[in-house]
file work_28.cif (mmCIF, C-alpha atoms)
data_entry
#
loop_
_atom_site.label_atom_id
_atom_site.label_comp_id
_atom_site.auth_asym_id
_atom_site.auth_seq_id
_atom_site.Cartn_x
_atom_site.Cartn_y
_atom_site.Cartn_z
CA MET A 1 14.76 -23.33 21.21
CA GLN A 2 16.52 -20.01 21.81
CA GLU A 3 18.60 -19.57 24.94
CA PRO A 4 16.38 -16.94 26.68
CA THR A 5 13.35 -19.23 26.18
CA PHE A 6 15.24 -22.21 27.59
CA LEU A 7 16.38 -20.14 30.59
CA ILE A 8 12.88 -18.80 31.28
CA LEU A 9 11.41 -22.33 31.21
CA THR A 10 14.27 -23.51 33.46
CA ALA A 11 13.59 -20.66 35.91
CA LEU A 12 9.92 -21.67 36.08
CA ALA A 13 10.79 -25.36 36.51
CA ALA A 14 11.65 -24.64 40.16
CA GLY A 15 8.09 -23.44 40.81
CA PRO A 16 5.85 -20.45 40.06
CA GLN A 17 7.73 -17.14 39.76
CA HIS A 18 6.78 -13.51 39.12
CA GLY A 19 8.41 -11.47 36.32
CA TYR A 20 11.16 -9.89 38.39
CA GLY A 21 11.88 -13.27 40.03
CA VAL A 22 12.35 -14.84 36.57
CA ILE A 23 14.78 -12.06 35.57
CA GLY A 24 16.86 -12.67 38.71
CA ASP A 25 16.74 -16.44 38.34
CA VAL A 26 17.79 -16.34 34.68
CA GLY A 27 20.80 -14.22 35.65
CA GLU A 28 21.68 -16.78 38.34
CA ILE A 29 21.22 -19.86 36.11
CA SER A 30 23.39 -18.35 33.37
CA GLY A 31 26.08 -17.30 35.85
CA GLY A 32 25.38 -13.62 35.17
CA ARG A 33 25.97 -14.10 31.41
CA VAL A 34 22.36 -13.46 30.33
CA ARG A 35 20.71 -10.26 31.50
CA LEU A 36 17.03 -10.56 30.67
CA ARG A 37 15.06 -7.31 30.34
CA ALA A 38 11.35 -6.74 30.77
CA GLY A 39 10.61 -6.30 27.02
CA THR A 40 12.28 -9.59 26.10
CA LEU A 41 10.74 -11.40 29.08
CA TYR A 42 7.16 -10.34 28.39
CA ALA A 43 7.43 -10.96 24.64
CA ALA A 44 8.68 -14.48 25.46
CA LEU A 45 5.97 -15.04 28.11
CA ASP A 46 3.29 -13.92 25.62
CA ARG A 47 4.54 -16.47 23.07
CA LEU A 48 5.01 -19.26 25.62
CA GLN A 49 1.47 -18.69 26.93
CA ALA A 50 0.10 -18.77 23.36
CA GLU A 51 1.94 -22.06 22.80
CA GLY A 52 0.51 -23.48 26.02
CA LEU A 53 3.91 -23.99 27.66
CA VAL A 54 3.42 -21.43 30.46
CA GLU A 55 0.34 -20.16 32.29
CA ALA A 56 -0.50 -17.53 34.90
CA ASP A 57 -0.60 -19.00 38.40
CA ARG A 58 -1.74 -16.29 40.83
CA GLU A 59 -1.53 -12.57 41.53
CA GLU A 60 -0.56 -10.64 44.61
CA ILE A 61 -0.04 -7.00 45.56
CA VAL A 62 3.35 -6.16 47.05
CA ASP A 63 4.14 -2.51 47.98
CA ALA A 64 1.04 -1.43 46.02
CA ARG A 65 2.42 -3.12 42.90
CA LEU A 66 0.83 -6.03 41.06
CA ARG A 67 2.81 -9.24 40.86
CA ARG A 68 1.65 -12.02 38.59
CA TYR A 69 3.17 -15.45 39.02
CA TYR A 70 3.74 -17.80 36.10
CA LYS A 71 4.21 -21.55 36.09
CA LEU A 72 5.07 -24.30 33.62
CA THR A 73 2.22 -26.33 32.16
CA GLY A 74 2.51 -30.08 31.59
CA ALA A 75 3.40 -29.35 27.94
CA GLY A 76 6.02 -26.83 29.14
CA GLN A 77 7.62 -29.43 31.41
CA ALA A 78 7.72 -31.97 28.58
CA LYS A 79 9.19 -29.42 26.15
CA LEU A 80 11.89 -28.39 28.65
CA ALA A 81 12.75 -32.03 29.40
CA THR A 82 13.12 -32.81 25.69
CA GLU A 83 15.27 -29.74 25.11
CA ALA A 84 17.46 -30.45 28.15
CA GLU A 85 17.99 -34.02 26.94
CA ARG A 86 18.91 -32.80 23.45
CA LEU A 87 21.41 -30.28 24.84
CA GLN A 88 22.88 -32.92 27.16
CA ARG A 89 23.36 -35.39 24.29
CA ASN A 90 25.03 -32.71 22.17
CA SER A 91 27.33 -31.56 24.97
CA GLU A 92 28.28 -35.16 25.88
CA GLU A 93 29.16 -35.82 22.26
CA ALA A 94 31.18 -32.59 22.10
CA ARG A 95 33.07 -33.51 25.30
CA ALA A 96 33.76 -37.05 24.05
CA ARG A 97 35.19 -35.75 20.78
CA LEU A 98 37.28 -33.15 22.59
CA ARG A 99 38.69 -35.87 24.86
CA ARG A 100 39.70 -37.89 21.80
CA ILE A 101 41.78 -35.07 20.34
CA GLY A 102 43.50 -34.36 23.66
CA PRO A 103 44.01 -31.06 25.48
CA ALA A 104 43.34 -27.73 23.72
CA GLY A 105 46.13 -26.77 21.35
CA GLY A 106 47.20 -30.40 20.91
CA VAL A 107 45.85 -30.64 17.39
CA ALA A 108 47.75 -29.33 14.42
CA MET B 1 3.56 8.85 39.88
CA SER B 2 7.31 9.33 39.54
CA PRO B 3 8.83 10.74 36.33
CA LEU B 4 10.48 7.34 35.73
CA GLU B 5 7.16 5.50 35.99
CA ARG B 6 5.52 8.05 33.70
CA ARG B 7 8.26 7.46 31.10
CA TYR B 8 7.90 3.70 31.39
CA ARG B 9 4.14 3.95 30.95
CA ARG B 10 4.67 6.09 27.85
CA LEU B 11 7.03 3.43 26.44
CA LEU B 12 4.43 0.74 27.07
CA HIS B 13 2.20 2.47 24.51
CA TRP B 14 4.28 0.52 21.99
CA TYR B 15 2.48 -2.61 23.20
CA PRO B 16 -0.87 -3.92 21.86
CA ALA B 17 -3.86 -2.63 23.82
CA ASP B 18 -4.94 -6.13 24.95
CA HIS B 19 -1.46 -6.86 26.31
CA ARG B 20 -1.30 -3.48 28.09
CA ALA B 21 -4.69 -4.04 29.69
CA VAL B 22 -3.47 -7.25 31.33
CA HIS B 23 0.26 -6.68 31.86
CA GLU B 24 0.91 -2.91 32.11
CA ASP B 25 0.88 -2.61 35.94
CA GLU B 26 2.80 -5.86 36.30
CA MET B 27 5.46 -4.72 33.80
CA ILE B 28 5.77 -1.32 35.52
CA GLY B 29 6.46 -3.18 38.79
CA VAL B 30 9.17 -5.28 37.12
CA LEU B 31 10.72 -2.28 35.34
CA LEU B 32 10.86 -0.15 38.51
CA ALA B 33 12.30 -3.03 40.55
CA ASP B 34 14.89 -3.65 37.84
CA THR B 35 15.99 0.01 37.67
CA GLY B 36 18.73 1.30 39.96
CA ALA B 37 17.68 3.77 42.66
CA GLY B 38 17.88 7.47 41.84
CA ARG B 39 17.29 7.13 38.12
CA GLU B 40 14.74 9.41 36.49
CA ARG B 41 15.08 8.10 32.96
CA PRO B 42 15.18 4.57 31.54
CA ASP B 43 18.54 3.60 30.05
CA GLY B 44 18.94 3.22 26.30
CA ARG B 45 19.06 -0.59 26.33
CA THR B 46 15.84 -0.85 28.31
CA VAL B 47 14.12 1.60 25.93
CA ALA B 48 15.28 -0.41 22.90
CA ASP B 49 14.26 -3.69 24.56
CA LEU B 50 10.78 -2.37 25.40
CA VAL B 51 10.19 -0.94 21.92
CA LEU B 52 11.40 -4.15 20.26
CA GLY B 53 9.21 -6.23 22.60
CA GLY B 54 6.17 -4.12 21.65
CA VAL B 55 6.90 -4.43 17.94
CA ARG B 56 7.29 -8.21 18.32
CA LEU B 57 3.92 -8.51 20.01
CA HIS B 58 2.22 -6.38 17.35
CA ALA B 59 3.83 -8.49 14.61
CA ARG B 60 2.70 -11.69 16.34
CA ARG B 61 -0.86 -10.44 16.60
CA LEU B 62 -0.83 -9.24 13.00
CA PHE B 63 0.24 -12.51 11.44
CA ARG B 64 -0.92 -15.07 13.99
CA GLY B 65 -3.91 -15.44 16.19
CA PRO B 66 -7.42 -16.70 15.62
CA ARG B 67 -8.37 -14.17 12.94
CA TRP B 68 -5.46 -15.07 10.66
CA ASP B 69 -6.10 -18.74 11.38
CA ALA B 70 -9.75 -18.33 10.32
CA ALA B 71 -8.70 -16.30 7.25
CA LEU B 72 -6.18 -18.97 6.16
CA ARG B 73 -8.80 -21.68 6.62
CA ALA B 74 -11.27 -19.67 4.53
CA VAL B 75 -8.69 -19.14 1.78
CA SER B 76 -7.85 -22.87 1.88
CA ARG B 77 -11.47 -23.44 0.77
CA ILE B 78 -11.69 -20.48 -1.64
CA ALA B 79 -8.36 -20.92 -3.48
CA PRO B 80 -9.10 -24.47 -4.80
CA LEU B 81 -12.45 -23.19 -6.08
CA LEU B 82 -10.67 -20.26 -7.73
CA MET B 83 -8.73 -22.91 -9.65
CA LEU B 84 -12.12 -23.73 -11.21
CA VAL B 85 -12.10 -20.30 -12.86
CA SER B 86 -8.64 -20.95 -14.28
CA ALA B 87 -9.67 -24.50 -15.21
CA GLY B 88 -12.84 -23.22 -16.90
CA GLN B 89 -10.84 -20.70 -18.88
CA ALA B 90 -8.10 -23.19 -19.82
CA ILE B 91 -10.51 -25.94 -20.89
CA GLY B 92 -12.83 -23.45 -22.63
CA SER B 93 -9.90 -21.94 -24.56
CA ALA B 94 -8.52 -25.35 -25.50
CA LEU B 95 -11.91 -26.69 -26.64
CA SER B 96 -12.72 -23.57 -28.63
CA ALA B 97 -9.25 -23.82 -30.23
CA VAL B 98 -10.13 -27.37 -31.28
CA ALA B 99 -13.45 -26.18 -32.69
CA SER B 100 -11.98 -23.06 -34.31
CA PRO B 101 -11.88 -23.10 -38.12
CA ILE B 102 -9.05 -20.55 -38.19
CA VAL B 103 -6.49 -22.84 -36.55
CA PRO B 104 -4.94 -25.37 -38.97
CA LEU B 105 -5.30 -28.95 -37.78
CA ASP B 106 -1.59 -29.75 -37.79
CA GLN B 107 -0.87 -26.76 -35.50
CA LEU B 108 -3.80 -27.63 -33.30
CA GLN B 109 -2.44 -30.97 -32.12
CA ASP B 110 0.80 -29.27 -31.21
CA ALA B 111 -0.91 -26.34 -29.48
CA VAL B 112 -3.44 -28.26 -27.42
CA PRO B 113 -2.30 -31.77 -26.49
CA GLY B 114 -4.85 -34.08 -24.91
CA SER B 115 -2.80 -34.22 -21.70
CA TYR B 116 -3.36 -30.47 -21.29
CA ILE B 117 -7.14 -30.85 -21.22
CA ALA B 118 -6.85 -34.03 -19.11
CA VAL B 119 -4.72 -32.35 -16.43
CA TRP B 120 -7.01 -29.32 -16.25
CA ALA B 121 -10.08 -31.60 -16.11
CA ALA B 122 -8.46 -33.52 -13.22
CA THR B 123 -7.62 -30.21 -11.49
CA CYS B 124 -11.22 -29.14 -11.98
CA LEU B 125 -12.47 -32.35 -10.36
CA TRP B 126 -10.00 -31.95 -7.49
CA ALA B 127 -11.10 -28.30 -6.99
CA VAL B 128 -14.75 -29.36 -6.76
CA VAL B 129 -14.03 -32.20 -4.30
CA VAL B 130 -11.71 -30.11 -2.09
CA GLY B 131 -13.81 -26.98 -2.32
CA LEU B 132 -17.09 -28.69 -1.52
CA ALA B 133 -16.10 -31.45 0.92
CA PRO B 134 -12.54 -31.14 2.26
CA THR B 135 -12.57 -34.03 4.72
CA ARG B 136 -8.94 -35.09 4.29
CA ALA B 137 -6.86 -31.92 4.55
CA ARG B 138 -3.51 -33.71 4.33
CA ALA B 139 -4.41 -35.57 1.12
CA ALA B 140 -5.94 -32.38 -0.34
CA ALA B 141 -2.71 -30.47 0.38
CA GLY B 142 -0.61 -33.19 -1.28
CA LEU B 143 -2.87 -33.22 -4.33
CA ALA B 144 -2.75 -29.41 -4.50
CA TRP B 145 1.06 -29.49 -4.83
CA CYS B 146 0.77 -32.25 -7.47
CA ALA B 147 -1.86 -30.24 -9.39
CA LEU B 148 0.33 -27.13 -9.25
CA ILE B 149 3.32 -28.97 -10.72
CA ALA B 150 1.25 -30.90 -13.29
CA VAL B 151 -0.50 -27.76 -14.55
CA ALA B 152 2.82 -25.88 -14.81
CA ILE B 153 4.46 -28.71 -16.77
CA THR B 154 1.53 -29.23 -19.15
CA GLU B 155 1.13 -25.48 -19.73
CA ARG B 156 4.80 -25.24 -20.60
CA ALA B 157 4.49 -28.25 -22.92
CA ALA B 158 1.27 -26.98 -24.54
CA TYR B 159 2.30 -23.39 -25.19
CA HIS B 160 6.10 -23.72 -25.13
CA GLY B 161 6.28 -20.84 -22.66
CA TRP B 162 6.25 -20.14 -18.98
CA PRO B 163 3.17 -21.24 -17.07
CA ASP B 164 0.42 -18.68 -16.62
CA ALA B 165 1.35 -16.57 -13.58
CA TRP B 166 -2.26 -16.36 -12.36
CA ASN B 167 -2.77 -20.11 -12.39
CA ALA B 168 0.58 -20.69 -10.70
CA LEU B 169 -0.13 -18.17 -7.93
CA ILE B 170 -3.66 -19.34 -7.25
CA GLY B 171 -2.37 -22.93 -7.22
CA LEU B 172 0.41 -21.91 -4.85
CA LEU B 173 -2.09 -20.15 -2.57
CA ALA B 174 -4.32 -23.25 -2.57
CA ALA B 175 -1.39 -25.57 -1.82
CA THR B 176 0.12 -23.44 0.97
CA THR B 177 -3.17 -22.70 2.75
CA LEU B 178 -4.26 -26.36 2.52
CA THR B 179 -0.87 -27.39 3.93
CA TYR B 180 -1.41 -24.91 6.78
CA THR B 181 -4.91 -26.30 7.47
CA ALA B 182 -3.58 -29.87 7.39
CA ARG B 183 -0.80 -29.08 9.87
CA ALA B 184 -2.93 -26.92 12.17
CA GLY B 185 -5.73 -29.49 12.39
CA GLY B 186 -9.20 -29.48 10.87
CA GLY B 187 -12.01 -27.06 11.55
CA PRO B 188 -14.77 -25.13 9.83
CA ALA B 189 -13.36 -23.18 6.92
CA LEU B 190 -16.20 -20.88 5.89
CA PRO B 191 -18.70 -19.57 8.42
CA GLY B 192 -22.48 -19.97 8.22
CA ARG B 193 -24.20 -19.39 4.90
CA HIS B 194 -20.86 -18.61 3.17
CA ARG B 195 -20.11 -22.35 3.34
CA PHE B 196 -22.65 -22.80 0.52
CA LEU B 197 -22.65 -19.38 -1.14
CA VAL B 198 -18.90 -19.11 -1.83
CA PRO B 199 -18.64 -22.55 -3.56
CA ALA B 200 -21.82 -21.77 -5.53
CA ALA B 201 -20.43 -18.38 -6.61
CA LEU B 202 -17.09 -19.83 -7.69
CA LEU B 203 -18.67 -22.81 -9.48
CA CYS B 204 -20.76 -20.24 -11.32
CA ALA B 205 -17.58 -18.25 -12.08
CA GLY B 206 -15.93 -21.39 -13.48
CA VAL B 207 -18.84 -22.01 -15.85
CA ILE B 208 -18.92 -18.35 -16.93
CA SER B 209 -15.18 -18.45 -17.52
CA ALA B 210 -15.50 -21.55 -19.73
CA LEU B 211 -18.45 -20.12 -21.69
CA PHE B 212 -16.72 -16.84 -22.50
CA SER B 213 -13.33 -18.33 -23.37
CA ASP B 214 -11.87 -18.04 -26.83
CA PRO B 215 -8.89 -19.71 -28.52
CA THR B 216 -6.46 -16.99 -27.47
CA GLY B 217 -7.58 -16.97 -23.84
CA VAL B 218 -6.64 -13.30 -23.71
CA ASP B 219 -9.31 -11.42 -25.64
CA LEU B 220 -11.92 -12.69 -23.22
CA TYR B 221 -12.16 -9.33 -21.52
CA GLU B 222 -13.11 -7.61 -24.77
CA ARG B 223 -16.25 -9.74 -24.96
CA TRP B 224 -17.57 -8.51 -21.64
CA PRO B 225 -20.18 -5.78 -21.53
CA TRP B 226 -17.85 -3.76 -19.31
CA SER B 227 -14.88 -3.72 -21.66
CA ALA B 228 -13.22 -0.43 -22.66
CA ASP B 229 -15.92 0.12 -25.31
CA HIS B 230 -18.73 0.25 -22.75
CA PRO B 231 -18.39 3.09 -20.22
CA GLY B 232 -21.72 2.15 -18.59
CA GLY B 233 -20.45 -1.38 -17.96
CA GLN B 234 -17.25 -0.04 -16.44
CA ALA B 235 -19.26 2.19 -14.09
CA ALA B 236 -21.25 -0.90 -13.03
CA LEU B 237 -17.97 -2.70 -12.36
CA VAL B 238 -16.77 0.13 -10.08
CA VAL B 239 -20.07 0.05 -8.16
CA LEU B 240 -19.83 -3.76 -7.76
CA ALA B 241 -16.22 -3.54 -6.60
CA ALA B 242 -17.11 -0.77 -4.09
CA LEU B 243 -20.04 -2.84 -2.77
CA SER B 244 -17.81 -5.92 -2.37
CA VAL B 245 -15.19 -3.90 -0.48
CA ALA B 246 -17.86 -2.34 1.75
CA LEU B 247 -19.17 -5.83 2.62
CA LEU B 248 -15.70 -7.32 3.18
CA VAL B 249 -14.30 -4.60 5.47
CA ARG B 250 -17.04 -5.29 8.01
CA SER B 251 -15.46 -8.55 9.11
CA PRO B 252 -11.83 -8.74 10.36
CA VAL B 253 -11.51 -12.32 9.08
CA ALA B 254 -12.91 -11.42 5.64
CA ARG B 255 -10.51 -8.45 5.50
CA ARG B 256 -7.57 -10.78 6.09
CA ALA B 257 -8.79 -13.43 3.63
CA ALA B 258 -9.38 -10.72 0.99
CA ALA B 259 -5.88 -9.33 1.65
CA LEU B 260 -4.33 -12.77 0.98
CA LEU B 261 -6.28 -13.15 -2.26
CA VAL B 262 -5.50 -9.59 -3.38
CA ILE B 263 -1.77 -10.14 -2.66
CA ALA B 264 -1.83 -13.29 -4.85
CA PHE B 265 -3.72 -11.39 -7.56
CA ALA B 266 -1.33 -8.39 -7.38
CA ALA B 267 1.64 -10.78 -7.52
CA GLY B 268 0.09 -12.27 -10.69
CA VAL B 269 -0.06 -8.77 -12.23
CA ALA B 270 3.54 -8.06 -11.14
CA VAL B 271 4.86 -11.37 -12.55
CA SER B 272 3.01 -10.79 -15.85
CA VAL B 273 4.46 -7.29 -16.17
CA VAL B 274 8.00 -8.36 -15.22
CA SER B 275 7.95 -11.34 -17.59
CA LEU B 276 6.96 -9.19 -20.59
CA ASP B 277 9.73 -9.30 -23.16
CA GLY B 278 10.95 -6.01 -24.54
CA GLY B 279 9.75 -3.88 -21.63
CA ILE B 280 6.34 -2.43 -20.95
CA THR B 281 4.66 -0.72 -23.83
CA ALA B 282 1.13 0.71 -23.88
CA GLY B 283 -0.07 -2.31 -25.89
CA LEU B 284 1.47 -4.89 -23.55
CA ALA B 285 0.23 -3.06 -20.46
CA LEU B 286 -3.29 -3.17 -21.93
CA ARG B 287 -2.89 -6.89 -22.66
CA THR B 288 -1.79 -7.51 -19.05
CA TRP B 289 -4.81 -5.54 -17.87
CA TYR B 290 -7.05 -7.67 -20.11
CA GLU B 291 -5.51 -10.83 -18.69
CA ALA B 292 -6.08 -9.59 -15.15
CA MET B 293 -9.69 -8.75 -15.94
CA ALA B 294 -10.20 -12.11 -17.68
CA HIS B 295 -9.35 -13.76 -14.35
CA ALA B 296 -11.19 -11.30 -12.10
CA MET B 297 -14.38 -10.73 -14.07
CA PRO B 298 -15.86 -14.24 -13.87
CA VAL B 299 -15.32 -14.16 -10.10
CA VAL B 300 -16.96 -10.74 -9.73
CA LEU B 301 -19.88 -11.88 -11.88
CA GLY B 302 -20.26 -15.24 -10.10
CA VAL B 303 -20.17 -13.65 -6.65
CA THR B 304 -22.58 -10.89 -7.69
CA LEU B 305 -25.02 -13.37 -9.21
CA VAL B 306 -25.08 -15.83 -6.29
CA TYR B 307 -24.96 -13.30 -3.45
CA GLY B 308 -27.37 -11.01 -5.35
CA LEU B 309 -29.89 -13.84 -5.78
CA TYR B 310 -29.46 -14.87 -2.15
CA GLY B 311 -29.99 -11.26 -0.98
CA LEU B 312 -33.03 -10.95 -3.21
CA GLY B 313 -34.41 -14.22 -1.86
CA ARG B 314 -34.03 -13.02 1.72
CA LEU B 315 -35.61 -9.69 0.84
CA VAL B 316 -38.64 -11.40 -0.69
CA ARG B 317 -38.98 -13.73 2.34
CA LEU B 318 -38.78 -10.76 4.72
CA VAL B 319 -41.79 -9.04 3.09
CA PRO B 320 -45.00 -10.10 4.92
CA PRO B 321 -47.52 -11.94 2.67
CA GLU B 322 -50.33 -9.35 3.11
CA VAL B 323 -48.00 -6.54 1.99
CA SER B 324 -46.71 -8.50 -1.02
CA HIS B 325 -50.31 -9.09 -2.22
CA GLU B 326 -51.06 -5.41 -2.37
#
call {"tool": "encode", "arguments": {"input": "work_28.cif", "output": "structure tokens"}}
result
Amino acid sequence: MQEPTFLILTALAAGPQHGYGVIGDVGEISGGRVRLRAGTLYAALDRLQAEGLVEADREEIVDARLRRYYKLTGAGQAKLATEAERLQRNSEEARARLRRIGPAGGVA
Amino acid sequence: MSPLERRYRRLLHWYPADHRAVHEDEMIGVLLADTGAGRERPDGRTVADLVLGGVRLHARRLFRGPRWDAALRAVSRIAPLLMLVSAGQAIGSALSAVASPIVPLDQLQDAVPGSYIAVWAATCLWAVVVGLAPTRARAAAGLAWCALIAVAITERAAYHGWPDAWNALIGLLAATTLTYTARAGGGPALPGRHRFLVPAALLCAGVISALFSDPTGVDLYERWPWSADHPGGQAALVVLAALSVALLVRSPVARRAAALLVIAFAAGVAVSVVSLDGGITAGLALRTWYEAMAHAMPVVLGVTLVYGLYGLGRLVRLVPPEVSHE
């Protein structure tokens, strides 16, 4: 799973969000490292909806502008959980190996 | 509408119409909220991101979606039956080589081993079973890959050359589309009456192919009434091809299925041309053309016969009895 996809699913794991909310949340989750733009977001949402991982939740009008909220489906939650577990296992293994070789620069 | 919004809306024309209809206003809201105050033009990165997003969605709709799914399922039924045409031609050629008085017996055993006919006969049986009643897609896909490899090996052994490009590509198309169907889950492959007409047409094509085969397997085209010596037959061929195209373009699924088959056919032509030793001469180009026609003609004839008879049958049934007695 690519990082933007993982971050979008993570943003929606907190509850239904509209497009601009997802963009802000992704920036926050990644510590400002990932700046999602509308084109990338909506291409990803289109794919995630087609795969049944995300679905539209509700719509509302704010300042005469349409806002559509998206939420994770059951399959989306399961997919995110699996991916998070995989990443955690990998990072734990990486940390364990790094501990074994000592502090950075300690290896010839 | 602000100049910025107008520019964003213009950029959203890069998106598929169905996506725009649902998401345009929503995306405009996100884009305006995400743009710093006072700007009149979108920045370069946002423009590139929007254009790329639109292209991605078009690409996804072009190669995925229900129409491509239906087309791949249809081809997964058609391609095994197309193997019947190749099988008919291979078996017909081999049998007529056995019966031919011009081939010395000692060369014959070397040229046409029994395993060659046996493998093609097994492929023929597989094509009939898969084409007519594909209940186990996974097993059919596995057998398709086995048939592809077996045919390639036996062809190489029988003729001491590279396997026939047409057979290899049709086999590859059958194997890949059956694998797709197996992975995507079962479902109806050919809609309505085509479920019976397409197998009937291709069975017919297989028989025609076997009947008109000769020991060389290449001069087949010259026997047809629409060979280069018969301008009237060639005109009939053009009319038949135009009619087929006119019928196919009416359905988006048929257009896609036809495109897949034409790509495989064109790849067969390309491989034949590229694999010609000593470059392309007028004689070799003609031979390649004959080979292409030898594969295409039985299909055209089979489809014309079966669909023509079906159309005629419907026409006769549509005429009221009192009118037909007049």
call {"tool": "resolve_selection", "arguments": {"input": "work_28.cif", "expression": "the PyMOL selection byres ((chain A) within 6 of (chain B))", "output": "VMD selection string"}}
result
chain A and resid 20 39 to 40 43 65 to 67
call {"tool": "residues_around", "arguments": {"input": "work_28.cif", "residues": "stretch 203-209 of chain B", "least_positions_apart": "3", "cutoff": "9 Å", "atoms": "all atoms listed in the file", "output": "number ranges by chain"}}
result
B: 81-90, 92, 128, 198-200, 212-213, 220, 294-295, 297-303, 305-306
call {"tool": "residues_around", "arguments": {"input": "work_28.cif", "residues": "A:Asp25", "least_positions_apart": "5", "cutoff": "10 Å", "atoms": "all atoms listed in the file", "output": "PyMOL selection string"}}
result
chain A and resi 7-8+10-12+14+17+19-20+30-32+36
call {"tool": "residues_around", "arguments": {"input": "work_28.cif", "residues": "B:Leu173", "least_positions_apart": "6", "cutoff": "9 Å", "atoms": "only C-alpha atoms", "output": "list in words"}}
result
Val75, Ser76, Ala79, Pro80, Leu260, Leu261 and Ala264 of chain B
call {"tool": "write_last_selection", "arguments": {"input": "work_28.cif", "atoms": "C-alpha atoms", "output": "JSON list (two decimals), in the frame of the given file"}}
result
[["chain", "number", "residue", "atom", "x", "y", "z"],
["B", 75, "VAL", "CA", -8.69, -19.14, 1.78],
["B", 76, "SER", "CA", -7.85, -22.87, 1.88],
["B", 79, "ALA", "CA", -8.36, -20.92, -3.48],
["B", 80, "PRO", "CA", -9.10, -24.47, -4.80],
["B", 260, "LEU", "CA", -4.33, -12.77, 0.98],
["B", 261, "LEU", "CA", -6.28, -13.15, -2.26],
["B", 264, "ALA", "CA", -1.83, -13.29, -4.85]]
call {"tool": "atom_distance", "arguments": {"input": "work_28.cif", "atom1": "atom CA of B:Ala257", "atom2": "atom CA of B:Met293"}}
result
20.1 Å
call {"tool": "atom_distance", "arguments": {"input": "work_28.cif", "atom1": "atom CA of A:Arg68", "atom2": "atom CA of A:Met1"}}
result
24.5 Å
call {"tool": "atom_distance", "arguments": {"input": "work_28.cif", "atom1": "atom CA of B:Val119", "atom2": "atom CA of B:Ala147"}}
result
7.9 Å
call {"tool": "closest_residue", "arguments": {"input": "work_28.cif", "among": "A:Val62, A:Ala38, A:Gln88, A:Ala78", "to": "B:Thr35", "atoms": "all atoms listed in the file"}}
result
A:Ala38
call {"tool": "decode", "arguments": {"input": "work_28.cif", "residues": "stretch 139-152 of chain B", "atoms": "N, CA and C atoms", "output": "PDB file, in the first residue's frame"}}
result
ATOM      1  N   ALA B 139      -9.423 -24.467 -12.929  1.00  0.00           N
ATOM      2  CA  ALA B 139      -8.861 -25.640 -13.604  1.00  0.00           C
ATOM      3  C   ALA B 139      -8.671 -25.344 -15.090  1.00  0.00           C
ATOM      4  N   ALA B 140      -9.658 -24.624 -15.684  1.00  0.00           N
ATOM      5  CA  ALA B 140      -9.570 -24.292 -17.114  1.00  0.00           C
ATOM      6  C   ALA B 140      -8.348 -23.417 -17.379  1.00  0.00           C
ATOM      7  N   ALA B 141      -8.089 -22.458 -16.470  1.00  0.00           N
ATOM      8  CA  ALA B 141      -6.940 -21.570 -16.639  1.00  0.00           C
ATOM      9  C   ALA B 141      -5.639 -22.369 -16.561  1.00  0.00           C
ATOM     10  N   GLY B 142      -5.558 -23.289 -15.587  1.00  0.00           N
ATOM     11  CA  GLY B 142      -4.364 -24.121 -15.444  1.00  0.00           C
ATOM     12  C   GLY B 142      -4.128 -24.961 -16.684  1.00  0.00           C
ATOM     13  N   LEU B 143      -5.222 -25.563 -17.192  1.00  0.00           N
ATOM     14  CA  LEU B 143      -5.097 -26.394 -18.389  1.00  0.00           C
ATOM     15  C   LEU B 143      -4.715 -25.568 -19.607  1.00  0.00           C
ATOM     16  N   ALA B 144      -5.188 -24.299 -19.639  1.00  0.00           N
ATOM     17  CA  ALA B 144      -4.863 -23.433 -20.777  1.00  0.00           C
ATOM     18  C   ALA B 144      -3.360 -23.180 -20.837  1.00  0.00           C
ATOM     19  N   TRP B 145      -2.741 -22.931 -19.658  1.00  0.00           N
ATOM     20  CA  TRP B 145      -1.289 -22.722 -19.636  1.00  0.00           C
ATOM     21  C   TRP B 145      -0.565 -24.004 -20.044  1.00  0.00           C
ATOM     22  N   CYS B 146      -1.069 -25.166 -19.574  1.00  0.00           N
ATOM     23  CA  CYS B 146      -0.454 -26.449 -19.949  1.00  0.00           C
ATOM     24  C   CYS B 146      -0.554 -26.661 -21.452  1.00  0.00           C
ATOM     25  N   ALA B 147      -1.756 -26.375 -22.022  1.00  0.00           N
ATOM     26  CA  ALA B 147      -1.973 -26.572 -23.462  1.00  0.00           C
ATOM     27  C   ALA B 147      -1.036 -25.674 -24.262  1.00  0.00           C
ATOM     28  N   LEU B 148      -0.882 -24.434 -23.799  1.00  0.00           N
ATOM     29  CA  LEU B 148      -0.011 -23.475 -24.486  1.00  0.00           C
ATOM     30  C   LEU B 148       1.416 -24.007 -24.566  1.00  0.00           C
ATOM     31  N   ILE B 149       1.912 -24.509 -23.428  1.00  0.00           N
ATOM     32  CA  ILE B 149       3.289 -25.001 -23.376  1.00  0.00           C
ATOM     33  C   ILE B 149       3.434 -26.292 -24.207  1.00  0.00           C
ATOM     34  N   ALA B 150       2.432 -27.190 -24.046  1.00  0.00           N
ATOM     35  CA  ALA B 150       2.501 -28.474 -24.759  1.00  0.00           C
ATOM     36  C   ALA B 150       2.480 -28.266 -26.268  1.00  0.00           C
ATOM     37  N   VAL B 151       1.607 -27.368 -26.730  1.00  0.00           N
ATOM     38  CA  VAL B 151       1.502 -27.116 -28.173  1.00  0.00           C
ATOM     39  C   VAL B 151       2.811 -26.516 -28.691  1.00  0.00           C
ATOM     40  N   ALA B 152       3.385 -25.567 -27.919  1.00  0.00           N
ATOM     41  CA  ALA B 152       4.634 -24.930 -28.350  1.00  0.00           C
ATOM     42  C   ALA B 152       5.755 -25.961 -28.458  1.00  0.00           C
TER      43      ALA B 152
END
